[in-house]
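> Quick one, structure-v4.txt (compact mmCIF, C-alpha atoms (C1' of nucleotides)):
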# COMPACT_ATOMS: atom_id res chain seq x y z
CA MET R 1 -106.44 52.90 221.85
CA LYS R 2 -106.47 50.59 218.85
CA LEU R 3 -106.48 51.64 215.21
CA ALA R 4 -106.55 49.62 212.02
CA THR R 5 -106.28 49.91 208.27
CA TRP R 6 -107.74 47.61 205.64
CA ASN R 7 -107.91 47.73 201.87
CA VAL R 8 -111.27 46.00 201.42
CA ASN R 9 -111.25 45.87 197.59
CA SER R 10 -114.92 46.84 197.21
CA LEU R 11 -116.92 47.65 200.33
CA ALA R 12 -120.07 46.52 198.51
CA VAL R 13 -118.65 43.01 198.43
CA ARG R 14 -116.79 43.11 201.74
CA LEU R 15 -119.28 44.89 204.04
CA PRO R 16 -120.32 41.67 205.84
CA GLN R 17 -116.66 40.78 206.37
CA LEU R 18 -115.92 44.27 207.68
CA LEU R 19 -118.79 44.05 210.19
CA ASP R 20 -117.63 40.58 211.29
CA TRP R 21 -114.08 41.85 211.66
CA LEU R 22 -115.15 44.87 213.74
CA ALA R 23 -117.21 42.62 216.01
CA ALA R 24 -114.13 40.47 216.63
CA ASN R 25 -111.72 43.43 216.71
CA PRO R 26 -113.39 46.38 218.43
CA VAL R 27 -110.87 49.03 217.39
CA ASP R 28 -111.37 52.69 218.26
CA ALA R 29 -110.75 53.90 214.72
CA MET R 30 -110.21 52.36 211.33
CA VAL R 31 -109.46 53.52 207.81
CA LEU R 32 -110.56 51.71 204.67
CA GLN R 33 -109.26 51.84 201.12
CA GLU R 34 -110.72 50.80 197.76
CA THR R 35 -114.32 51.16 198.86
CA LYS R 36 -115.16 51.58 195.15
CA LEU R 37 -118.43 53.33 195.93
CA THR R 38 -119.88 56.71 195.08
CA ASP R 39 -120.81 58.64 198.21
CA ASP R 40 -124.55 58.11 197.71
CA LYS R 41 -124.04 54.35 197.87
CA PHE R 42 -121.82 54.27 200.97
CA PRO R 43 -123.30 51.85 203.57
CA HIS R 44 -123.06 54.26 206.50
CA ALA R 45 -126.17 52.98 208.29
CA ALA R 46 -124.78 49.45 208.64
CA ILE R 47 -121.50 50.82 209.98
CA GLU R 48 -123.28 53.16 212.38
CA SER R 49 -125.36 50.24 213.62
CA ALA R 50 -122.09 48.52 214.47
CA GLY R 51 -121.27 51.39 216.81
CA TYR R 52 -119.07 53.56 214.62
CA LEU R 53 -119.26 57.05 213.30
CA VAL R 54 -118.00 57.23 209.75
CA GLN R 55 -116.68 59.72 207.23
CA TRP R 56 -116.40 58.66 203.61
CA PHE R 57 -115.05 59.91 200.34
CA GLY R 58 -115.47 57.87 197.20
CA GLN R 59 -116.00 57.74 193.47
CA LYS R 60 -117.32 55.35 190.88
CA THR R 61 -115.47 52.08 190.18
CA TYR R 62 -112.08 52.86 191.71
CA ASN R 63 -110.38 54.10 194.87
CA GLY R 64 -112.50 55.48 197.70
CA VAL R 65 -111.59 55.80 201.39
CA ALA R 66 -113.36 55.96 204.74
CA LEU R 67 -112.63 56.80 208.38
CA LEU R 68 -114.52 54.95 211.10
CA SER R 69 -114.31 56.01 214.73
CA ARG R 70 -116.03 55.41 218.05
CA SER R 71 -115.81 59.11 218.92
CA PRO R 72 -116.41 61.89 216.40
CA ALA R 73 -113.75 62.86 213.88
CA ALA R 74 -113.02 66.59 213.83
CA ASP R 75 -111.45 68.74 211.11
CA VAL R 76 -112.10 66.17 208.41
CA VAL R 77 -110.07 66.57 205.22
CA LYS R 78 -110.62 64.73 201.95
CA ASN R 79 -107.65 64.37 199.61
CA ILE R 80 -104.52 66.47 199.82
CA PRO R 81 -105.34 70.19 200.18
CA GLY R 82 -103.92 72.20 197.29
CA HIS R 83 -103.27 69.08 195.21
CA ALA R 84 -105.96 68.79 192.56
CA ASP R 85 -106.89 65.13 192.12
CA GLU R 86 -109.75 63.33 190.40
CA GLN R 87 -109.11 60.27 192.52
CA ALA R 88 -110.45 59.77 196.07
CA ARG R 89 -107.41 58.62 198.03
CA VAL R 90 -107.12 60.41 201.36
CA ILE R 91 -109.36 60.97 204.36
CA ALA R 92 -108.15 62.54 207.58
CA GLY R 93 -109.70 63.52 210.88
CA THR R 94 -108.85 64.21 214.49
CA VAL R 95 -110.08 61.41 216.75
CA SER R 96 -109.67 62.08 220.46
CA ASP R 97 -106.29 63.86 220.47
CA LEU R 98 -104.92 61.94 217.49
CA ARG R 99 -104.60 63.19 213.94
CA VAL R 100 -105.51 60.18 211.78
CA ILE R 101 -104.62 60.25 208.08
CA GLY R 102 -105.92 57.35 206.01
CA ALA R 103 -104.31 57.04 202.58
CA TYR R 104 -104.60 54.90 199.49
CA PHE R 105 -101.37 55.48 197.60
CA PRO R 106 -101.55 55.11 193.80
CA ASN R 107 -100.58 51.71 192.47
CA GLY R 108 -98.29 53.10 189.78
CA GLN R 109 -98.81 50.15 187.43
CA ALA R 110 -95.28 50.11 185.93
CA PRO R 111 -92.20 52.29 186.37
CA ASP R 112 -92.34 53.45 182.73
CA SER R 113 -96.02 54.40 182.81
CA ASP R 114 -97.84 57.71 183.22
CA LYS R 115 -99.41 56.21 186.33
CA PHE R 116 -95.99 55.92 187.91
CA GLN R 117 -95.38 59.63 187.32
CA TYR R 118 -98.77 60.33 188.92
CA LYS R 119 -97.74 58.18 191.88
CA LEU R 120 -94.48 60.10 192.34
CA GLN R 121 -96.25 63.47 192.15
CA TRP R 122 -98.95 62.30 194.55
CA MET R 123 -96.37 61.08 197.05
CA THR R 124 -94.49 64.38 196.86
CA ALA R 125 -97.69 66.30 197.57
CA LEU R 126 -98.61 63.93 200.39
CA ARG R 127 -95.23 64.33 202.04
CA GLU R 128 -95.41 68.12 202.03
CA TRP R 129 -98.94 68.06 203.41
CA VAL R 130 -98.03 65.55 206.13
CA ARG R 131 -95.09 67.78 207.04
CA SER R 132 -97.48 70.69 207.61
CA GLN R 133 -99.97 68.46 209.45
CA LEU R 134 -97.21 67.33 211.82
CA ALA R 135 -96.54 70.95 212.73
CA LEU R 136 -100.21 71.35 213.64
CA TYR R 137 -100.77 67.91 215.15
CA PRO R 138 -97.69 66.37 216.80
CA LYS R 139 -99.69 63.22 217.65
CA LEU R 140 -100.20 61.96 214.12
CA ILE R 141 -100.73 58.55 212.58
CA LEU R 142 -100.51 57.93 208.83
CA LEU R 143 -101.91 54.57 207.82
CA GLY R 144 -103.26 52.82 204.78
CA ASP R 145 -102.30 51.02 201.60
CA PHE R 146 -98.98 52.59 200.64
CA ASN R 147 -98.41 50.37 197.61
CA ILE R 148 -94.73 50.35 198.60
CA ALA R 149 -92.73 47.44 199.96
CA PRO R 150 -90.16 49.46 201.94
CA GLU R 151 -87.39 46.86 202.09
CA ASP R 152 -86.45 43.53 200.57
CA ARG R 153 -87.61 41.75 203.72
CA ASP R 154 -91.11 43.00 202.85
CA VAL R 155 -91.08 41.02 199.58
CA HIS R 156 -91.47 37.25 199.21
CA ASP R 157 -89.10 37.16 196.22
CA PRO R 158 -86.88 40.25 196.22
CA VAL R 159 -84.98 39.14 193.12
CA ALA R 160 -88.11 38.74 191.02
CA TRP R 161 -89.51 42.02 192.34
CA MET R 162 -86.31 44.03 192.01
CA ASP R 163 -87.11 47.43 190.43
CA GLN R 164 -90.69 46.31 189.82
CA ILE R 165 -93.66 48.41 190.88
CA HIS R 166 -93.87 48.74 194.72
CA CYS R 167 -90.13 48.04 194.97
CA THR R 168 -88.47 50.71 192.84
CA PRO R 169 -85.77 52.89 194.39
CA GLN R 170 -87.97 55.94 193.80
CA GLU R 171 -90.90 54.49 195.74
CA ARG R 172 -88.66 53.33 198.56
CA ALA R 173 -87.06 56.79 198.70
CA HIS R 174 -90.52 58.29 199.14
CA PHE R 175 -91.23 55.89 201.98
CA ARG R 176 -87.96 56.91 203.64
CA GLY R 177 -88.93 60.53 203.04
CA LEU R 178 -92.00 60.02 205.21
CA VAL R 179 -89.85 58.37 207.87
CA GLU R 180 -87.49 61.34 207.71
CA LEU R 181 -90.38 63.61 208.68
CA GLY R 182 -90.22 61.86 212.03
CA LEU R 183 -92.64 59.04 211.29
CA CYS R 184 -91.91 55.50 212.37
CA ASP R 185 -93.03 52.17 210.85
CA ALA R 186 -94.95 50.79 213.84
CA PHE R 187 -94.74 47.21 212.55
CA ARG R 188 -90.95 47.25 212.77
CA LEU R 189 -90.92 48.45 216.37
CA PHE R 190 -91.52 44.83 217.28
CA GLU R 191 -90.06 41.48 216.46
CA GLN R 192 -92.25 40.03 213.74
CA PRO R 193 -92.56 36.65 212.09
CA PRO R 194 -90.37 36.38 208.98
CA LYS R 195 -92.30 36.50 205.72
CA SER R 196 -94.95 38.85 207.09
CA TRP R 197 -97.08 40.19 204.25
CA SER R 198 -100.22 42.32 204.06
CA TRP R 199 -101.14 41.50 200.46
CA TRP R 200 -101.20 38.30 198.44
CA ASP R 201 -102.06 38.11 194.74
CA TYR R 202 -105.38 36.43 194.04
CA ARG R 203 -103.66 34.40 191.34
CA ASN R 204 -101.42 31.40 191.48
CA LEU R 205 -102.39 30.23 195.00
CA ALA R 206 -100.25 33.05 196.36
CA PHE R 207 -101.86 33.10 199.81
CA ARG R 208 -101.58 29.35 200.26
CA LYS R 209 -97.92 29.56 199.29
CA ASN R 210 -97.47 32.72 201.39
CA GLN R 211 -96.14 34.68 198.45
CA GLY R 212 -96.93 38.30 199.20
CA LEU R 213 -95.78 41.81 199.91
CA ARG R 214 -95.99 44.07 202.95
CA ILE R 215 -97.44 47.22 201.44
CA ASP R 216 -100.02 48.27 204.05
CA HIS R 217 -98.42 50.35 206.76
CA ILE R 218 -98.97 52.30 209.97
CA LEU R 219 -96.61 55.20 210.57
CA VAL R 220 -96.64 57.07 213.85
CA SER R 221 -95.11 60.41 214.79
CA GLU R 222 -92.33 60.83 217.34
CA ALA R 223 -94.83 61.92 219.99
CA LEU R 224 -96.61 58.57 219.64
CA ARG R 225 -93.66 56.28 219.11
CA GLY R 226 -93.14 55.54 222.79
CA LYS R 227 -96.82 54.73 223.22
CA VAL R 228 -97.01 51.98 220.61
CA SER R 229 -97.54 48.73 222.51
CA ALA R 230 -98.30 46.36 219.62
CA CYS R 231 -98.61 46.21 215.84
CA ALA R 232 -99.68 43.19 213.80
CA ILE R 233 -101.11 42.00 210.53
CA ASP R 234 -104.32 39.97 210.85
CA LYS R 235 -104.17 37.27 208.17
CA LEU R 236 -107.47 35.68 209.21
CA PRO R 237 -109.75 37.65 206.85
CA ARG R 238 -107.60 36.53 203.93
CA LYS R 239 -108.90 33.01 204.66
CA ASN R 240 -112.53 34.06 204.22
CA GLU R 241 -114.55 33.07 201.22
CA ARG R 242 -114.28 35.87 198.66
CA PRO R 243 -111.54 37.64 200.63
CA SER R 244 -109.96 40.98 199.95
CA ASP R 245 -106.45 40.50 198.60
CA HIS R 246 -105.21 42.64 201.53
CA ALA R 247 -105.17 41.87 205.25
CA PRO R 248 -105.91 44.42 208.00
CA VAL R 249 -103.07 45.90 210.03
CA ILE R 250 -103.70 46.88 213.67
CA VAL R 251 -101.78 49.11 216.05
CA GLU R 252 -102.27 49.55 219.78
CA LEU R 253 -101.35 52.74 221.60
CA ALA R 254 -101.04 53.03 225.38
CA ASP R 255 -103.11 55.81 226.95
C1' DA E 256 -95.82 33.00 179.94
C1' DT E 257 -97.51 40.35 178.31
C1' DG E 258 -100.79 34.27 182.06
C1' DA E 259 -103.08 32.94 186.51
C1' DC E 260 -107.87 36.01 190.09
C1' DT E 261 -111.29 39.44 191.41
C1' DC E 262 -113.79 43.59 190.87
C1' DC E 263 -116.12 46.88 188.06
C1' DC E 264 -118.78 48.50 184.12
C1' DA E 265 -119.95 46.99 180.44
C1' DG E 266 -122.68 44.29 177.39
C1' DT E 267 -121.40 38.45 175.27
C1' DG E 268 -115.12 41.69 176.56
C1' DG E 269 -111.63 44.71 178.80
C1' DG E 270 -109.23 47.80 182.23
C1' DA E 271 -107.20 47.95 186.72
C1' DG E 272 -105.32 46.23 190.64
C1' DA E 273 -100.40 44.74 192.69
What is this structure when it is put down as structure tokens?


Amino acid sequence: MKLATWNVNSLAVRLPQLLDWLAANPVDAMVLQETKLTDDKFPHAAIESAGYLVQWFGQKTYNGVALLSRSPAADVVKNIPGHADEQARVIAGTVSDLRVIGAYFPNGQAPDSDKFQYKLQWMTALREWVRSQLALYPKLILLGDFNIAPEDRDVHDPVAWMDQIHCTPQERAHFRGLVELGLCDAFRLFEQPPKSWSWWDYRNLAFRKNQGLRIDHILVSEALRGKVSACAIDKLPRKNERPSDHAPVIVELAD
DNA sequence: ATGACTCCCAGTGGGAGA
């Protein structure tokens, strides 16, 4: 079984690229972030024509998430239950026997901003909800745009990024908090090329110079850890014309 | 260098992203 996550930075713009990517990468399930579409505008028919069922949860202008799957998603949840939020950031469903939680973590903007406080509160709520989900669904996968670079090796210039947004000790502590629930960073189960990033700034020729961050992640529960057979970042879509600034991440689970 | 690019909604500019 293959699953993927991709921050598409506007599904209205990236729909053709998503369909191309799915044709080349026939995953069993996929989560999207930053669809930036209200629910009435979600292009479900095009996605269904590509052979996927889809659940979506969006808003105007910002955020927005979706869950695509070959087989139906059961017990679908949108956002974190009990955590009031104006922003559409989470979509979860059970696909086959797997609990799939797709998440778009807040950016946080700057460590001294109100948005950073929102990010910390959101991450606290997410962690407690994921803890309860793990009790219900031992086979759980949490994937999406975490907006956290967990370690210095996930940052092209750790000195310049030190204590900056995505790299603060508080954000990294939250990432470790998820790991301490029993989740495992699937990407790091394998030897990976050095300077592996999932996001490159649009500005300053960052992709060409390979100056990026690894902020899109796939975390798997203990029950799944032994089944992970591969995990990789697909840089190819970042070479498209009008690319998303993020690349997809794919994980493969043995049956 | 509080920049750069891209997207969105706006409305002939500005916020947000990361």

> Show me, as JSON, numbers by chain, the residues of chain R whose atoms get within 12 Å of chain E, using only C-alpha atoms (C1' of nucleotides) for the distance check.

{"R": [7, 8, 9, 10, 11, 12, 13, 14, 34, 35, 36, 37, 60, 61, 62, 63, 105, 106, 107, 108, 109, 110, 115, 145, 146, 147, 148, 149, 161, 164, 165, 166, 167, 198, 199, 200, 201, 202, 203, 204, 205, 206, 207, 212, 213, 214, 215, 216, 242, 243, 244, 245, 246]}

> Enter the distance from CA of His44 (chain R) to CA of Lys235 (chain R), in Å, rounded to one decimal.

25.5 Å

> Please list as a PyMOL selection string every residue within 6 Å of region 98-102 of chain R, counting all atoms listed in the file and excluding residues in the same chain fewer than 3 positions away.

chain R and resi 31+90-95+139-144

> State, in Å with one decimal place, the distance from CA of Arg188 (chain R) to CA of Thr5 (chain R).

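So the two atoms, CA of Arg188 (chain R) and CA of Thr5 (chain R), lie 16.2 Å apart.
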
> In Å, with one decimal, what is the gap from CA of Asn210 (chain R) to CA of Cys231 (chain R)?

19.8 Å

> Would you compute the box with edges along x, y and z of the file around region 149-158 of chain R, including every atom the file lists for it and 3 Å extra on each side, and give its centre and edge lengths in Å to one decimal, as JSON?


{"center_x": -89.6, "center_y": 43.3, "center_z": 200.0, "size_x": 12.3, "size_y": 18.3, "size_z": 13.5}

> Around (-109.3, 42.6, 215.1) in the file's own coordinates, what residues are found within 12 Å if you use all atoms listed in the file, given back as a ChimeraX atom specification?

/R:2-6,17-30,231-237,247-252

> Those residues with C-alpha atoms, as an mmCIF file, keeping the file's coordinate frame please?


data_model
loop_
_atom_site.group_PDB
_atom_site.id
_atom_site.type_symbol
_atom_site.label_atom_id
_atom_site.label_comp_id
_atom_site.auth_asym_id
_atom_site.auth_seq_id
_atom_site.Cartn_x
_atom_site.Cartn_y
_atom_site.Cartn_z
ATOM 1 C CA LYS R 2 -106.470 50.590 218.850
ATOM 2 C CA LEU R 3 -106.480 51.640 215.210
ATOM 3 C CA ALA R 4 -106.550 49.620 212.020
ATOM 4 C CA THR R 5 -106.280 49.910 208.270
ATOM 5 C CA TRP R 6 -107.740 47.610 205.640
ATOM 6 C CA GLN R 17 -116.660 40.780 206.370
ATOM 7 C CA LEU R 18 -115.920 44.270 207.680
ATOM 8 C CA LEU R 19 -118.790 44.050 210.190
ATOM 9 C CA ASP R 20 -117.630 40.580 211.290
ATOM 10 C CA TRP R 21 -114.080 41.850 211.660
ATOM 11 C CA LEU R 22 -115.150 44.870 213.740
ATOM 12 C CA ALA R 23 -117.210 42.620 216.010
ATOM 13 C CA ALA R 24 -114.130 40.470 216.630
ATOM 14 C CA ASN R 25 -111.720 43.430 216.710
ATOM 15 C CA PRO R 26 -113.390 46.380 218.430
ATOM 16 C CA VAL R 27 -110.870 49.030 217.390
ATOM 17 C CA ASP R 28 -111.370 52.690 218.260
ATOM 18 C CA ALA R 29 -110.750 53.900 214.720
ATOM 19 C CA MET R 30 -110.210 52.360 211.330
ATOM 20 C CA CYS R 231 -98.610 46.210 215.840
ATOM 21 C CA ALA R 232 -99.680 43.190 213.800
ATOM 22 C CA ILE R 233 -101.110 42.000 210.530
ATOM 23 C CA ASP R 234 -104.320 39.970 210.850
ATOM 24 C CA LYS R 235 -104.170 37.270 208.170
ATOM 25 C CA LEU R 236 -107.470 35.680 209.210
ATOM 26 C CA PRO R 237 -109.750 37.650 206.850
ATOM 27 C CA ALA R 247 -105.170 41.870 205.250
ATOM 28 C CA PRO R 248 -105.910 44.420 208.000
ATOM 29 C CA VAL R 249 -103.070 45.900 210.030
ATOM 30 C CA ILE R 250 -103.700 46.880 213.670
ATOM 31 C CA VAL R 251 -101.780 49.110 216.050
ATOM 32 C CA GLU R 252 -102.270 49.550 219.780
#

> Scan for residues within 6 Å of the point (-96.0, 53.8, 211.5) in the coordinates of the file, using only C-alpha atoms (C1' of nucleotides), and reply as a list of chain:residue names.

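These residues have at least one counted atom within 6 Å: R:Cys184, R:Asp185, R:Ala186, R:Ile218, R:Leu219, R:Val220.
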
> Of the residues R:Arg172, R:Lys239, R:Arg225, R:Arg208, which is the one nearest to Phe187 (chain R), using all atoms listed in the file?

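Result for the nearest residue to Phe187 (chain R): R:Arg225.
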